[in-house]
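*Asks:* Dumping the structure here so I can ask a few things about it.
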There are 2 protein chains.
Amino acid sequence: MAAYLAADLHAVNTLIRTRMTSEHAPRIPEVTAHLVEAGGKRLRPMLTLAAAHLCGYEGPFHINLAATVEFIHTATLLHDDVVDESGQRRGRPTANLLWDNKSSVLVGDYLFSRSFQLMVETGSLRVLDILSNASATIAEGEVLQLTASQDLNTTEAIYMQVIRGKTAALFSAATEVGGVIADAPDAQVQALYDYGDALGIAFQIVDDLLDFQGDPGATGKNLGDDFRERKLTLPLLKAVAKADAEERAFWERTIEKGKQTDADLETVQALLSKHDALTETAGEARAWAARAKAALAPLPAHEIKTMLEDLADYVVERIN
Amino acid sequence: MAAYLAADLHAVNTLIRTRMTSEHAPRIPEVTAHLVEAGGKRLRPMLTLAAAHLCGYEGPFHINLAATVEFIHTATLLHDDVVDESGQRRGRPTANLLWDNKSSVLVGDYLFSRSFQLMVETGSLRVLDILSNASATIAEGEVLQLTASQDLNTTEAIYMQVIRGKTAALFSAATEVGGVIADAPDAQVQALYDYGDALGIAFQIVDDLLDFQGDPGATGKNLGDDFRERKLTLPLLKAVAKADAEERAFWERTIEKGKQTDADLETVQALLSKHDALTETAGEARAWAARAKAALAPLPAHEIKTMLEDLADYVVERIN
């Protein structure tokens, strides 16, 4: 798909580089270059470009919207860096270790404002409506995650709400605006939304799974980060749900009270294995990927449609 | 003006309360209520309401825009709380002491997204353009302040750029969109922009002055906070510019190196006095207030016009 969309992606990258500069505040591109150039896969902008092409769009604004989506994503990463105190992202130190929290917050705000300018330029109020709603949903998801972490009463329903917000909302907005800018029929726009939503959910479940079984060299993240941050992701929720009294005490100490030792991650892995938590989580990720593919049915036959189907497979193939 | 606009302000407050709630993340109103209800003067929303009335607007969207402006302002305060580690705001502990940095960042993001939704509802692309540009300018101003602080090479021109960004951009956008939504002639819209710009600059200069000569009981802020945060505001810049060798060494130690003792603030006050820095700063604030009043000339005679003139006087009357 990246090869097929190469010319568009080049235009998106050029637009991103142009718009992330600041005449008045040279610190800004210093911070953003680190994230924007760091070899991100440009997955979300590709979704917008693909959706627009699939619906026969021939105008220029899918480039704006793809850059918008990437800016919103990058702003979220910068703000995540502040809040999560995670040590690595994309295999490099996070921005807030290289610079500081202040820069991460403010440069994130700048990118968010720039994304807003980019979408205003399209002149489409419907697109603005979709992306402003998505932004609010992302923030809600992040706040919900904050209140839900460390709380063993968190349910899988709450987990779904969190990942729909923090991840799937931008995937579904990315695909939906591609259809909207192409003036596609409602059924196609809905199909694109459903695809993005299911793909985003699959993507995040896989991400949460790889936190326990990934290869840090490939994922660029430390194994067990979510556990250390006391985030109740799907694998942990499944193990907690089946905990006996002794295991429950373990989770209360490590997740609720946050009293962790270096040896605890090994116990976590053993409990995940004992309760088939990783296997079940992988099954759910595959089910959402299948739902994503099925959602594409109302869309016309097109080589991009096949690529989107392949993308859903690729997202879950990251599970080894 | 608050009395004249009472009915509108009531509608704005109701809209703010409705929109700051979150079905999915109950933590959000907890954090925002603290700021939004804390007796803010609603100065920025009043500017939008006043501008709209002055230009004869009779529709409903000035309420949306006034709430938008207050949400952007509140989001900025929340993000400022994270970055500045200031101990007080409006006489209460800041949100990040009551909750934490994470909540401040994410709830700020949520309010910013909500503000965006509110303005999309007006259906005016011109309004969206103005407010998205203002948001970017605010973030640029804040980042520029970050790089300029601690740097004794900062000039008054850079200071002006910073406060135009971090403060005046929202004032001028607030007045400008009031005129735009009322479909006022270009000359009037420009006059409203110029008034907001000059008023915002006067407001910020006064704020920076009160940091050295205000009554903490009245301002709700600690005396000398800017100095402790090594922010080169106008009073300090004027004293630094006239420093002899010994004074220069003092500024290098306290501002550049950040090595401060409790006794240093007294020295700062003495230097400000020696070099007439506070008097000169007060003079500049009054000049900008006068410019704000003069900018109103192209606008029709109206009791609100008189109120806006009085407001410019009021802003500088805070200097005792």
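Naming works like this for the structure tokens: A, B, ... for the chains as they're shown, residue 1 at the start of each chain, ligands 1 onward in shown order.
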As a PyMOL selection string, list the residues of region 66-270 of chain A assigned to strand (DSSP E or B) by DSSP on the backbone atoms of this structure.
*Replies:* chain A and resi 88-89+92-93
*Asks:* Would you kindly report the residues of chain A within 9 Å of chain B, using only C-alpha atoms, as an mmCIF file with C-alpha atoms, in the first residue's frame?
*Replies:*
data_model
loop_
_atom_site.group_PDB
_atom_site.id
_atom_site.type_symbol
_atom_site.label_atom_id
_atom_site.label_comp_id
_atom_site.auth_asym_id
_atom_site.auth_seq_id
_atom_site.Cartn_x
_atom_site.Cartn_y
_atom_site.Cartn_z
ATOM 1 C CA SER A 22 7.435 27.811 13.075
ATOM 2 C CA GLU A 23 8.801 31.165 12.090
ATOM 3 C CA HIS A 24 8.589 32.405 15.651
ATOM 4 C CA ALA A 25 9.561 29.372 17.671
ATOM 5 C CA PRO A 26 12.451 27.376 16.202
ATOM 6 C CA ARG A 27 12.291 24.925 19.093
ATOM 7 C CA ILE A 28 9.154 23.446 17.576
ATOM 8 C CA HIS A 79 1.236 14.372 25.332
ATOM 9 C CA ASP A 80 1.461 10.650 26.085
ATOM 10 C CA VAL A 82 4.493 13.564 29.305
ATOM 11 C CA VAL A 83 1.962 11.496 31.092
ATOM 12 C CA ASP A 84 3.329 7.990 30.760
ATOM 13 C CA ASN A 101 7.765 18.063 29.703
ATOM 14 C CA LYS A 102 7.130 21.693 28.901
ATOM 15 C CA SER A 103 8.208 21.309 25.290
ATOM 16 C CA VAL A 105 2.989 19.724 26.099
ATOM 17 C CA LEU A 106 3.330 22.958 24.175
ATOM 18 C CA VAL A 107 4.641 21.504 20.935
ATOM 19 C CA GLY A 108 1.806 18.964 21.095
ATOM 20 C CA ASP A 109 -0.594 21.884 21.405
ATOM 21 C CA TYR A 110 1.056 23.556 18.446
ATOM 22 C CA LEU A 111 0.692 20.452 16.253
ATOM 23 C CA PHE A 112 -2.910 20.067 17.313
ATOM 24 C CA SER A 113 -3.599 23.685 16.281
ATOM 25 C CA ARG A 114 -1.777 23.156 13.000
ATOM 26 C CA SER A 115 -3.862 20.056 12.299
ATOM 27 C CA PHE A 116 -6.933 22.165 12.858
ATOM 28 C CA GLN A 117 -5.706 24.777 10.336
ATOM 29 C CA VAL A 120 -10.155 24.208 7.915
ATOM 30 C CA GLU A 121 -8.427 24.646 4.545
ATOM 31 C CA GLY A 123 -13.612 23.943 3.580
ATOM 32 C CA SER A 124 -15.642 20.880 4.544
ATOM 33 C CA LEU A 125 -17.707 21.378 7.687
ATOM 34 C CA ARG A 126 -18.549 17.670 7.743
ATOM 35 C CA LEU A 128 -14.346 19.341 10.653
ATOM 36 C CA ASP A 129 -17.233 17.849 12.567
ATOM 37 C CA LEU A 131 -12.308 15.262 13.288
ATOM 38 C CA SER A 132 -13.333 17.526 16.164
ATOM 39 C CA ASN A 133 -15.505 14.727 17.530
ATOM 40 C CA ALA A 134 -12.625 12.293 17.133
ATOM 41 C CA SER A 135 -10.304 14.626 19.033
ATOM 42 C CA ALA A 136 -12.722 14.866 21.935
ATOM 43 C CA THR A 137 -13.170 11.082 21.949
ATOM 44 C CA ILE A 138 -9.396 10.554 21.995
ATOM 45 C CA ALA A 139 -9.007 12.837 25.017
ATOM 46 C CA GLU A 140 -11.915 11.145 26.788
ATOM 47 C CA GLY A 141 -10.358 7.745 26.148
ATOM 48 C CA GLU A 142 -7.048 8.875 27.587
ATOM 49 C CA VAL A 143 -8.693 10.336 30.688
ATOM 50 C CA LEU A 144 -10.770 7.186 31.140
ATOM 51 C CA GLN A 145 -7.594 5.112 30.907
ATOM 52 C CA LEU A 146 -6.117 7.270 33.651
ATOM 53 C CA THR A 147 -9.001 6.626 36.023
ATOM 54 C CA GLN A 161 -14.198 2.081 25.680
#
*Asks:* With distances taken over only C-alpha atoms, which residue among A:Val316, A:Leu236, A:Val180, A:Leu54 lies nearest Ala292 (chain A)?
*Replies:*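 Distance minimum relative to Ala292 (chain A) lands on A:Val316.
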*Asks:* Tell me which protein, DNA and RNA residues are within 6 Å of Pro235 (chain A), counting only C-alpha atoms, leaving out same-chain ones fewer than 3 positions away, and put them as a list in words.
*Replies:*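 The residues satisfying every condition are Lys238, Ala277, Leu278 and Thr281 of chain A.
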*Asks:* Pick out the residues sitting within 10 Å of Ile304 (chain A), and hand them over as number ranges by chain; count only C-alpha atoms, and ignore anything fewer than 3 positions along from it in its own chain.
*Replies:* A: 1, 4-5, 50-51, 53-55, 300-301, 307-310
*Asks:* So that I can see what lies close to Leu15 (chain A), please list as a list in words the residues with an atom at most 8 Å from it, counting only C-alpha atoms and leaving out residues fewer than 4 positions away in the same chain.
*Replies:*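 So the residues in contact are Ala11, Arg19, Ile63, Asn64 and Ala67 of chain A.
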*Asks:* Export C-alpha atoms of the chosen residues as a PDB file, in the first residue's frame?
*Replies:*
ATOM      1  CA  ALA A  11       3.139  15.074  -0.822  1.00  0.00           C
ATOM      2  CA  ARG A  19       3.595  23.001   8.460  1.00  0.00           C
ATOM      3  CA  ILE A  63      -3.289  15.288   1.343  1.00  0.00           C
ATOM      4  CA  ASN A  64      -4.382  17.915   3.904  1.00  0.00           C
ATOM      5  CA  ALA A  67      -1.345  15.369   7.278  1.00  0.00           C
TER       6      ALA A  67
END
*Asks:* Which residues are close to Ile201 (chain A), i.e. within 9 Å by only C-alpha atoms, leaving aside same-chain residues fewer than 4 positions away? Reply as a ChimeraX atom specification.
*Replies:* /A:160,163-164,167-168,171,196-197,205-206,285,288-289
*Asks:* Quick one: distance from CA of Val12 (chain B) to CA of Ala182 (chain B) in Å, one decimal?
*Replies:*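 The value is 17.4 Å.
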*Asks:* Select from region 203-297 of chain A everything DSSP, run on the backbone, classes as helix (DSSP H, G or I), then give the selection as a PyMOL selection string.
*Replies:* chain A and resi 203-213+216-219+225-228+234-241+245-256+264-274+277-295
*Asks:* Rounded to one decimal in Å, what is the spacing between CA of Ala66 (chain A) and CA of Gly178 (chain A)?
*Replies:*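 Computed distance, CA of Ala66 (chain A) to CA of Gly178 (chain A), equals 8.6 Å.
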*Asks:* Just the number, please: distance in Å from CA of Thr154 (chain A) to CA of Arg253 (chain A), one decimal.
*Replies:*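 Taking CA of Thr154 (chain A) and CA of Arg253 (chain A), their separation equals 15.9 Å.
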*Asks:* Counting only C-alpha atoms, what is within 9 Å of Leu43 (chain A), bar same-chain residues fewer than 4 positions away, as JSON, numbers by chain?
*Replies:* {"A": [2, 47, 70, 171]}
*Asks:* May I ask which of the residues A:Tyr159, A:Tyr57, A:Tyr314, A:Tyr195 is the closest one to Asp183 (chain A), counting only C-alpha atoms?
*Replies:*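 Result for the nearest residue to Asp183 (chain A): A:Tyr57.
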